[in-house]
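This is input00.pdb (PDB, C-alpha atoms).
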MODEL        1
ATOM      1  CA  MET A  79     -10.074  30.346 -64.205  1.00  0.00           C
ATOM      2  CA  ALA A  80      -9.121  28.288 -61.144  1.00  0.00           C
ATOM      3  CA  LYS A  81      -8.475  30.021 -57.828  1.00  0.00           C
ATOM      4  CA  TYR A  82      -5.332  28.005 -57.161  1.00  0.00           C
ATOM      5  CA  ARG A  83      -2.892  25.580 -58.786  1.00  0.00           C
ATOM      6  CA  LYS A  84      -3.276  21.911 -57.897  1.00  0.00           C
ATOM      7  CA  LEU A  85       0.444  21.161 -58.416  1.00  0.00           C
ATOM      8  CA  GLY A  86      -0.317  17.538 -59.292  1.00  0.00           C
ATOM      9  CA  ARG A  87      -1.000  16.551 -55.668  1.00  0.00           C
ATOM     10  CA  THR A  88      -3.857  15.636 -53.383  1.00  0.00           C
ATOM     11  CA  SER A  89      -5.203  18.434 -51.220  1.00  0.00           C
ATOM     12  CA  SER A  90      -3.466  17.275 -48.025  1.00  0.00           C
ATOM     13  CA  GLN A  91      -0.109  16.894 -49.787  1.00  0.00           C
ATOM     14  CA  ARG A  92      -0.512  20.286 -51.459  1.00  0.00           C
ATOM     15  CA  LYS A  93      -1.374  22.035 -48.180  1.00  0.00           C
ATOM     16  CA  ALA A  94       1.609  20.432 -46.437  1.00  0.00           C
ATOM     17  CA  LEU A  95       3.955  21.413 -49.288  1.00  0.00           C
ATOM     18  CA  LEU A  96       2.779  25.025 -49.302  1.00  0.00           C
ATOM     19  CA  ARG A  97       2.894  25.331 -45.496  1.00  0.00           C
ATOM     20  CA  ASN A  98       6.425  23.926 -45.522  1.00  0.00           C
ATOM     21  CA  GLN A  99       7.612  26.337 -48.193  1.00  0.00           C
ATOM     22  CA  VAL A 100       5.965  29.379 -46.559  1.00  0.00           C
ATOM     23  CA  THR A 101       7.619  28.433 -43.254  1.00  0.00           C
ATOM     24  CA  ALA A 102      11.001  28.088 -44.998  1.00  0.00           C
ATOM     25  CA  LEU A 103      10.551  31.441 -46.766  1.00  0.00           C
ATOM     26  CA  ILE A 104       9.777  33.302 -43.537  1.00  0.00           C
ATOM     27  CA  THR A 105      12.573  31.521 -41.652  1.00  0.00           C
ATOM     28  CA  HIS A 106      15.348  31.994 -44.226  1.00  0.00           C
ATOM     29  CA  GLY A 107      14.107  34.942 -46.319  1.00  0.00           C
ATOM     30  CA  ARG A 108      14.453  33.125 -49.668  1.00  0.00           C
ATOM     31  CA  ILE A 109      13.797  29.720 -51.236  1.00  0.00           C
ATOM     32  CA  ILE A 110      14.469  28.073 -54.596  1.00  0.00           C
ATOM     33  CA  THR A 111      11.483  26.262 -56.093  1.00  0.00           C
ATOM     34  CA  THR A 112       9.501  25.875 -59.312  1.00  0.00           C
ATOM     35  CA  GLN A 113       7.589  28.796 -60.769  1.00  0.00           C
ATOM     36  CA  ALA A 114       4.106  27.343 -60.178  1.00  0.00           C
ATOM     37  CA  ARG A 115       4.866  26.560 -56.524  1.00  0.00           C
ATOM     38  CA  ALA A 116       6.461  29.977 -56.020  1.00  0.00           C
ATOM     39  CA  LYS A 117       3.343  31.774 -57.243  1.00  0.00           C
ATOM     40  CA  GLU A 118       1.173  29.854 -54.768  1.00  0.00           C
ATOM     41  CA  VAL A 119       3.611  30.372 -51.882  1.00  0.00           C
ATOM     42  CA  GLN A 120       3.820  34.068 -52.763  1.00  0.00           C
ATOM     43  CA  LYS A 121       0.055  34.487 -52.285  1.00  0.00           C
ATOM     44  CA  ILE A 122       0.137  32.929 -48.826  1.00  0.00           C
ATOM     45  CA  ALA A 123       3.316  34.695 -47.647  1.00  0.00           C
ATOM     46  CA  ASP A 124       2.119  38.120 -48.818  1.00  0.00           C
ATOM     47  CA  GLY A 125      -1.154  37.570 -46.948  1.00  0.00           C
ATOM     48  CA  LEU A 126       0.685  36.684 -43.718  1.00  0.00           C
ATOM     49  CA  ILE A 127       2.972  39.705 -43.955  1.00  0.00           C
ATOM     50  CA  ALA A 128       0.024  42.013 -44.735  1.00  0.00           C
ATOM     51  CA  MET A 129      -1.762  40.651 -41.665  1.00  0.00           C
ATOM     52  CA  ALA A 130       1.346  41.289 -39.526  1.00  0.00           C
ATOM     53  CA  VAL A 131       1.688  44.861 -40.857  1.00  0.00           C
ATOM     54  CA  LYS A 132      -1.966  45.583 -40.108  1.00  0.00           C
ATOM     55  CA  GLU A 133      -1.840  44.242 -36.526  1.00  0.00           C
ATOM     56  CA  LYS A 134       1.733  45.182 -35.520  1.00  0.00           C
ATOM     57  CA  ASP A 135       0.716  47.911 -33.022  1.00  0.00           C
ATOM     58  CA  ASN A 136      -2.343  46.151 -31.546  1.00  0.00           C
ATOM     59  CA  PHE A 137      -0.958  45.273 -28.115  1.00  0.00           C
ATOM     60  CA  GLU A 138      -0.665  46.790 -24.678  1.00  0.00           C
ATOM     61  CA  MET A 139       2.182  46.539 -22.184  1.00  0.00           C
ATOM     62  CA  VAL A 140       1.101  44.908 -18.913  1.00  0.00           C
ATOM     63  CA  THR A 141       3.115  44.639 -15.692  1.00  0.00           C
ATOM     64  CA  VAL A 142       2.942  41.152 -14.189  1.00  0.00           C
ATOM     65  CA  SER A 143       4.385  39.886 -10.923  1.00  0.00           C
ATOM     66  CA  ALA A 144       5.663  36.320 -10.789  1.00  0.00           C
ATOM     67  CA  LYS A 145       7.260  34.092  -8.169  1.00  0.00           C
ATOM     68  CA  VAL A 146      10.680  32.953  -9.385  1.00  0.00           C
ATOM     69  CA  PRO A 147      13.007  30.528  -7.585  1.00  0.00           C
ATOM     70  CA  VAL A 148      16.202  32.110  -6.230  1.00  0.00           C
ATOM     71  CA  ARG A 149      19.323  30.635  -7.888  1.00  0.00           C
ATOM     72  CA  ASP A 150      22.948  30.535  -6.750  1.00  0.00           C
ATOM     73  CA  LYS A 151      26.026  31.329  -8.862  1.00  0.00           C
ATOM     74  CA  ASP A 152      25.952  27.827 -10.459  1.00  0.00           C
ATOM     75  CA  GLY A 153      22.319  28.215 -11.537  1.00  0.00           C
ATOM     76  CA  LYS A 154      20.934  25.770  -8.954  1.00  0.00           C
ATOM     77  CA  ARG A 155      17.910  26.561  -6.791  1.00  0.00           C
ATOM     78  CA  VAL A 156      18.603  27.856  -3.300  1.00  0.00           C
ATOM     79  CA  LYS A 157      16.989  25.704  -0.587  1.00  0.00           C
ATOM     80  CA  GLU A 158      16.116  26.721   2.957  1.00  0.00           C
ATOM     81  CA  VAL A 159      14.994  24.610   5.904  1.00  0.00           C
ATOM     82  CA  VAL A 160      11.409  25.261   7.066  1.00  0.00           C
ATOM     83  CA  ASP A 161       9.902  23.020   9.780  1.00  0.00           C
ATOM     84  CA  GLY A 162      12.611  20.390   9.190  1.00  0.00           C
ATOM     85  CA  LYS A 163      12.018  20.207   5.393  1.00  0.00           C
ATOM     86  CA  LYS A 164      14.134  21.621   2.579  1.00  0.00           C
ATOM     87  CA  VAL A 165      12.019  24.073   0.578  1.00  0.00           C
ATOM     88  CA  THR A 166      12.949  26.125  -2.478  1.00  0.00           C
ATOM     89  CA  LYS A 167      13.292  29.837  -1.772  1.00  0.00           C
ATOM     90  CA  PHE A 168      11.220  32.120  -4.035  1.00  0.00           C
ATOM     91  CA  GLU A 169      11.271  35.838  -4.798  1.00  0.00           C
ATOM     92  CA  THR A 170       8.634  38.034  -6.464  1.00  0.00           C
ATOM     93  CA  VAL A 171       9.695  39.699  -9.714  1.00  0.00           C
ATOM     94  CA  GLU A 172       7.896  42.436 -11.675  1.00  0.00           C
ATOM     95  CA  LYS A 173       7.992  41.986 -15.454  1.00  0.00           C
ATOM     96  CA  GLU A 174       6.494  43.886 -18.407  1.00  0.00           C
ATOM     97  CA  ILE A 175       4.950  41.768 -21.156  1.00  0.00           C
ATOM     98  CA  LYS A 176       3.085  42.463 -24.399  1.00  0.00           C
ATOM     99  CA  LYS A 177      -0.576  41.534 -24.185  1.00  0.00           C
ATOM    100  CA  ASP A 178      -2.229  41.067 -27.580  1.00  0.00           C
ATOM    101  CA  LEU A 179      -5.529  42.794 -28.185  1.00  0.00           C
ATOM    102  CA  PRO A 180      -8.268  40.506 -29.599  1.00  0.00           C
ATOM    103  CA  SER A 181      -7.682  41.322 -33.279  1.00  0.00           C
ATOM    104  CA  ARG A 182      -3.914  40.722 -32.996  1.00  0.00           C
ATOM    105  CA  LEU A 183      -4.505  37.478 -31.106  1.00  0.00           C
ATOM    106  CA  HIS A 184      -6.824  36.333 -33.901  1.00  0.00           C
ATOM    107  CA  ALA A 185      -4.176  37.240 -36.501  1.00  0.00           C
ATOM    108  CA  ARG A 186      -1.529  35.359 -34.478  1.00  0.00           C
ATOM    109  CA  ARG A 187      -3.685  32.233 -34.430  1.00  0.00           C
ATOM    110  CA  LYS A 188      -4.409  32.487 -38.165  1.00  0.00           C
ATOM    111  CA  MET A 189      -0.640  32.685 -38.788  1.00  0.00           C
ATOM    112  CA  LEU A 190      -0.004  29.683 -36.541  1.00  0.00           C
ATOM    113  CA  ARG A 191      -2.545  27.741 -38.605  1.00  0.00           C
ATOM    114  CA  VAL A 192      -0.271  28.163 -41.654  1.00  0.00           C
ATOM    115  CA  LEU A 193       3.246  28.082 -40.178  1.00  0.00           C
ATOM    116  CA  TYR A 194       4.958  24.931 -38.924  1.00  0.00           C
ATOM    117  CA  PRO A 195       6.951  25.041 -35.657  1.00  0.00           C
ATOM    118  CA  VAL A 196      10.688  25.501 -36.286  1.00  0.00           C
ATOM    119  CA  THR A 197      13.482  24.338 -33.977  1.00  0.00           C
ATOM    120  CA  GLU A 198      16.910  25.886 -34.297  1.00  0.00           C
ATOM    121  CA  VAL A 199      19.860  23.556 -33.672  1.00  0.00           C
ATOM    122  CA  PRO A 200      23.371  24.965 -33.115  1.00  0.00           C
ATOM    123  CA  THR A 201      25.966  23.501 -35.521  1.00  0.00           C
ATOM    124  CA  GLU A 202      28.088  21.950 -32.764  1.00  0.00           C
ATOM    125  CA  ASN A 203      25.034  20.013 -31.504  1.00  0.00           C
ATOM    126  CA  ALA A 204      23.853  18.682 -34.875  1.00  0.00           C
ATOM    127  CA  GLY A 205      21.732  15.579 -34.392  1.00  0.00           C
ATOM    128  CA  LYS A 206      21.236  16.167 -30.648  1.00  0.00           C
ATOM    129  CA  LYS A 207      18.244  17.487 -28.751  1.00  0.00           C
ATOM    130  CA  LYS A 208      20.338  19.418 -26.238  1.00  0.00           C
ATOM    131  CA  ASN A 209      20.477  23.226 -26.542  1.00  0.00           C
ATOM    132  CA  THR A 210      17.841  23.351 -29.291  1.00  0.00           C
ATOM    133  CA  LYS A 211      15.379  26.225 -29.172  1.00  0.00           C
ATOM    134  CA  GLU A 212      11.995  26.860 -30.726  1.00  0.00           C
ATOM    135  CA  VAL A 213      11.914  29.818 -33.136  1.00  0.00           C
ATOM    136  CA  ASP A 214       8.785  31.978 -32.823  1.00  0.00           C
ATOM    137  CA  LEU A 215       8.011  32.815 -36.460  1.00  0.00           C
ATOM    138  CA  VAL A 216       4.872  34.786 -35.572  1.00  0.00           C
ATOM    139  CA  ALA A 217       6.933  37.079 -33.342  1.00  0.00           C
ATOM    140  CA  LYS A 218       9.440  37.392 -36.194  1.00  0.00           C
ATOM    141  CA  LEU A 219       6.604  38.470 -38.510  1.00  0.00           C
ATOM    142  CA  PHE A 220       5.286  41.054 -36.019  1.00  0.00           C
ATOM    143  CA  ASP A 221       8.619  42.392 -34.721  1.00  0.00           C
ATOM    144  CA  GLU A 222      10.963  42.132 -37.717  1.00  0.00           C
ATOM    145  CA  TYR A 223       8.981  42.062 -40.977  1.00  0.00           C
ATOM    146  CA  ALA A 224       6.001  44.289 -40.080  1.00  0.00           C
ATOM    147  CA  PRO A 225       8.070  47.430 -39.251  1.00  0.00           C
ATOM    148  CA  LYS A 226      10.199  46.789 -42.353  1.00  0.00           C
ATOM    149  CA  TYR A 227       7.166  46.688 -44.687  1.00  0.00           C
ATOM    150  CA  GLU A 228       4.792  49.144 -42.936  1.00  0.00           C
ATOM    151  CA  ASN A 229       5.106  51.839 -45.652  1.00  0.00           C
ATOM    152  CA  ARG A 230       4.738  49.352 -48.521  1.00  0.00           C
ATOM    153  CA  ASN A 231       1.376  48.566 -50.125  1.00  0.00           C
ATOM    154  CA  GLY A 232       1.732  44.855 -50.895  1.00  0.00           C
ATOM    155  CA  GLY A 233       4.364  43.139 -53.018  1.00  0.00           C
ATOM    156  CA  TYR A 234       6.451  41.881 -50.112  1.00  0.00           C
ATOM    157  CA  THR A 235       8.024  39.058 -52.154  1.00  0.00           C
ATOM    158  CA  ARG A 236       9.675  38.853 -55.562  1.00  0.00           C
ATOM    159  CA  ILE A 237      10.195  36.000 -58.016  1.00  0.00           C
ATOM    160  CA  ILE A 238      13.461  35.853 -59.970  1.00  0.00           C
ATOM    161  CA  LYS A 239      13.786  33.245 -62.730  1.00  0.00           C
ATOM    162  CA  ILE A 240      16.913  31.080 -62.619  1.00  0.00           C
ATOM    163  CA  GLY A 241      16.303  28.841 -65.630  1.00  0.00           C
ATOM    164  CA  PRO A 242      15.076  25.347 -66.410  1.00  0.00           C
ATOM    165  CA  ARG A 243      15.843  22.511 -64.004  1.00  0.00           C
ATOM    166  CA  LYS A 244      18.171  19.868 -65.421  1.00  0.00           C
ATOM    167  CA  GLY A 245      16.018  16.801 -64.687  1.00  0.00           C
ATOM    168  CA  ASP A 246      12.587  17.771 -66.013  1.00  0.00           C
ATOM    169  CA  ALA A 247      13.108  21.263 -67.484  1.00  0.00           C
ATOM    170  CA  ALA A 248      10.698  22.851 -64.992  1.00  0.00           C
ATOM    171  CA  MET A 249      11.323  26.592 -64.650  1.00  0.00           C
ATOM    172  CA  GLU A 250      13.162  27.191 -61.392  1.00  0.00           C
ATOM    173  CA  VAL A 251      12.881  30.510 -59.556  1.00  0.00           C
ATOM    174  CA  VAL A 252      14.154  32.216 -56.422  1.00  0.00           C
ATOM    175  CA  LEU A 253      11.332  33.453 -54.200  1.00  0.00           C
ATOM    176  CA  GLU A 254      12.639  36.051 -51.777  1.00  0.00           C
ATOM    177  CA  LEU A 255      11.392  38.730 -49.435  1.00  0.00           C
ATOM    178  CA  VAL A 256      11.967  42.214 -50.842  1.00  0.00           C
TER     179      VAL A 256
ENDMDL
END
Would you kindly transcribe this structure into structure tokens?
Amino acid sequence: MAKYRKLGRTSSQRKALLRNQVTALITHGRIITTQARAKEVQKIADGLIAMAVKEKDNFEMVTVSAKVPVRDKDGKRVKEVVDGKKVTKFETVEKEIKKDLPSRLHARRKMLRVLYPVTEVPTENAGKKKNTKEVDLVAKLFDEYAPKYENRNGGYTRIIKIGPRKGDAAMEVVLELV
């Protein structure tokens, strides 16, 4: 028996299709696709979630000090005159950040190898680059999905059959996170 379905595509096309669908599943929580594709996507998505559950607590909180420019009420940098030149005024700020331990960092990089970057665009700015923000799907896996599924032993996704597709009668399914 084969280890995977070829889905009638070359290897590069197949990898791109599966990466795209896994990214969509983790972003939105459910996708509609054919049964064969859903079974392949399910394998990959369950592996990513299992990895996130395993490594969710592998970090340490570190206090970091950083120099940040002082801003006025309008959000512009405050300038001061030093030796006849205008120079931005800075202040030192203490901040706590999560520092990944080596195994979690490795898991993060393995997840990034599968997931595509996602940009979120507000509806009022559709078609514009302004006010778009990058969604961190790996952080979503670690912070949102891992605590949700920590007491579950696998089976993080489910396939629900919808029925045959009108054009080619391929069995369509909904693949969703449980």
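Distances from A:Ala224, A:Val251, A:Val159, A:Leu179 to Ile237 of chain A were compared using all atoms listed in the file, and the smallest one belongs to A:Val251.
Take the candidates A:Lys157, A:Arg87, A:Lys163, A:Lys218 and check each one against Leu193 of chain A using all atoms listed in the file; the shortest distance goes to A:Lys218.
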Query raised in the report: So what does the PyMOL selection byres ((chain A and resi 123) around 10) actually pick up in this one, as a list in words?
Result: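 Residues picked by the PyMOL selection byres ((chain A and resi 123) around 10): Leu96, Arg97, Gln99, Val100, Thr101, Leu103, Ile104, Glu118, Val119, Gln120, Lys121, Ile122, Asp124, Gly125, Leu126, Ile127, Ala128, Met129, Met189, Val192, Leu193, Tyr234, Thr235 and Leu255 of chain A.
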**Report entry** Atomic distance atom CA of Val216 of chain A - atom CA of Glu228 of chain A, expressed in Å with one decimal
**Finding:** 16.1 Å
Picked residues, the PyMOL selection byres ((chain A and resi 195) around 9), expected as a PDB file with C-alpha atoms, in the frame of the given file:
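The resulting out_34.pdb:
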ATOM      1  CA  THR A 101       7.619  28.433 -43.254  1.00  0.00           C
ATOM      2  CA  LEU A 190      -0.004  29.683 -36.541  1.00  0.00           C
ATOM      3  CA  LEU A 193       3.246  28.082 -40.178  1.00  0.00           C
ATOM      4  CA  TYR A 194       4.958  24.931 -38.924  1.00  0.00           C
ATOM      5  CA  VAL A 196      10.688  25.501 -36.286  1.00  0.00           C
ATOM      6  CA  THR A 197      13.482  24.338 -33.977  1.00  0.00           C
ATOM      7  CA  GLU A 212      11.995  26.860 -30.726  1.00  0.00           C
ATOM      8  CA  VAL A 213      11.914  29.818 -33.136  1.00  0.00           C
ATOM      9  CA  ASP A 214       8.785  31.978 -32.823  1.00  0.00           C
ATOM     10  CA  LEU A 215       8.011  32.815 -36.460  1.00  0.00           C
TER      11      LEU A 215
END
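Between Ile238 of chain A and the residues A:Lys176, A:Arg187, A:Lys117, A:Lys84, the shortest atom-to-atom distance, using only C-alpha atoms, involves A:Lys117.
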Find the axis-aligned box for segment 241-249 of chain A, covering all its listed atoms and adding 6 Å on each side, and write its centre and edge lengths in Å to one decimal as JSON.
{"center_x": 14.4, "center_y": 22.8, "center_z": -65.7, "size_x": 19.5, "size_y": 24.0, "size_z": 15.5}
Query raised in the report: When distances are computed from only C-alpha atoms, which of A:Val156, A:Met249, A:Val256, A:Ile175 shows the smallest separation from Thr141 of chain A?
Result: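 Checking each of A:Val156, A:Met249, A:Val256, A:Ile175 against Thr141 of chain A, counting only C-alpha atoms, the winner is A:Ile175.
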Report task. Would you mind reading off the distance between atom CA of Gln113 of chain A and atom CA of Ala248 of chain A, one decimal, in Å? Result ->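 Answer for the atom CA of Gln113 of chain A to atom CA of Ala248 of chain A separation: 7.9 Å.
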Requested in this report: Provide the atom CA of Gly233 of chain A to atom CA of Gly107 of chain A distance in Å, to one decimal place.
Outcome: 14.4 Å
What residues have an atom no more than 10 Å from (4.3, 43.3, -24.6) in the file's own frame, counting all atoms listed in the file, and can you write them as a PDB file with C-alpha atoms, in the coordinates of the input?
ATOM      1  CA  PHE A 137      -0.958  45.273 -28.115  1.00  0.00           C
ATOM      2  CA  GLU A 138      -0.665  46.790 -24.678  1.00  0.00           C
ATOM      3  CA  MET A 139       2.182  46.539 -22.184  1.00  0.00           C
ATOM      4  CA  VAL A 140       1.101  44.908 -18.913  1.00  0.00           C
ATOM      5  CA  THR A 141       3.115  44.639 -15.692  1.00  0.00           C
ATOM      6  CA  LYS A 173       7.992  41.986 -15.454  1.00  0.00           C
ATOM      7  CA  GLU A 174       6.494  43.886 -18.407  1.00  0.00           C
ATOM      8  CA  ILE A 175       4.950  41.768 -21.156  1.00  0.00           C
ATOM      9  CA  LYS A 176       3.085  42.463 -24.399  1.00  0.00           C
ATOM     10  CA  LYS A 177      -0.576  41.534 -24.185  1.00  0.00           C
ATOM     11  CA  ASP A 178      -2.229  41.067 -27.580  1.00  0.00           C
TER      12      ASP A 178
END
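Comparing the minimum interatomic distances between His106 of chain A and each of A:Glu198, A:Arg230, A:Thr166, A:Ala247, counting only C-alpha atoms, we find that A:Glu198 sits nearest.
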Requested in this report: For each of A:Asn98, A:Leu219, A:Ser143, A:Arg155, take the minimum atom-to-atom distance to Thr111 of chain A, counting all atoms listed in the file, then give the residue where this is smallest.
Outcome: A:Asn98
Could you add the missing atoms to segment 135-150 of chain A, up to N, CA, C and O atoms, and return them as a CSV table (one decimal), in the coordinates of the input?
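Listed below is the output, result.csv:
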chain,number,residue,atom,x,y,z
A,135,ASP,N,0.8,47.0,-34.2
A,135,ASP,CA,0.7,47.9,-33.0
A,135,ASP,C,-0.5,47.6,-32.1
A,135,ASP,O,-0.8,48.4,-31.2
A,136,ASN,N,-1.2,46.5,-32.3
A,136,ASN,CA,-2.3,46.2,-31.5
A,136,ASN,C,-2.0,45.3,-30.3
A,136,ASN,O,-2.4,44.2,-30.2
A,137,PHE,N,-1.3,45.9,-29.4
A,137,PHE,CA,-1.0,45.3,-28.1
A,137,PHE,C,-0.9,46.3,-27.0
A,137,PHE,O,-0.8,47.5,-27.3
A,138,GLU,N,-0.9,45.9,-25.8
A,138,GLU,CA,-0.7,46.8,-24.7
A,138,GLU,C,0.4,46.2,-23.7
A,138,GLU,O,0.5,45.0,-23.6
A,139,MET,N,1.2,47.0,-23.1
A,139,MET,CA,2.2,46.5,-22.2
A,139,MET,C,1.5,46.4,-20.8
A,139,MET,O,0.9,47.3,-20.3
A,140,VAL,N,1.7,45.2,-20.2
A,140,VAL,CA,1.1,44.9,-18.9
A,140,VAL,C,2.2,44.5,-17.9
A,140,VAL,O,3.1,43.8,-18.3
A,141,THR,N,2.1,45.0,-16.7
A,141,THR,CA,3.1,44.6,-15.7
A,141,THR,C,2.6,43.5,-14.9
A,141,THR,O,1.4,43.5,-14.4
A,142,VAL,N,3.4,42.4,-14.8
A,142,VAL,CA,2.9,41.2,-14.2
A,142,VAL,C,4.0,40.8,-13.1
A,142,VAL,O,5.2,41.0,-13.3
A,143,SER,N,3.5,40.3,-12.0
A,143,SER,CA,4.4,39.9,-10.9
A,143,SER,C,4.4,38.4,-10.9
A,143,SER,O,3.3,37.7,-11.0
A,144,ALA,N,5.5,37.8,-10.8
A,144,ALA,CA,5.7,36.3,-10.8
A,144,ALA,C,6.6,35.9,-9.7
A,144,ALA,O,7.6,36.6,-9.4
A,145,LYS,N,6.4,34.7,-9.2
A,145,LYS,CA,7.3,34.1,-8.2
A,145,LYS,C,8.3,33.3,-8.9
A,145,LYS,O,8.0,32.4,-9.7
A,146,VAL,N,9.6,33.6,-8.7
A,146,VAL,CA,10.7,33.0,-9.4
A,146,VAL,C,11.6,32.3,-8.3
A,146,VAL,O,11.9,33.0,-7.3
A,147,PRO,N,12.1,31.1,-8.6
A,147,PRO,CA,13.0,30.5,-7.6
A,147,PRO,C,14.3,31.3,-7.6
A,147,PRO,O,14.8,31.7,-8.6
A,148,VAL,N,14.9,31.5,-6.4
A,148,VAL,CA,16.2,32.1,-6.2
A,148,VAL,C,17.3,31.1,-6.6
A,148,VAL,O,17.2,29.9,-6.2
A,149,ARG,N,18.3,31.5,-7.4
A,149,ARG,CA,19.3,30.6,-7.9
A,149,ARG,C,20.7,31.1,-7.4
A,149,ARG,O,20.9,32.3,-7.3
A,150,ASP,N,21.6,30.2,-7.2
A,150,ASP,CA,22.9,30.5,-6.8
A,150,ASP,C,23.8,30.8,-8.0
A,150,ASP,O,23.3,30.8,-9.1
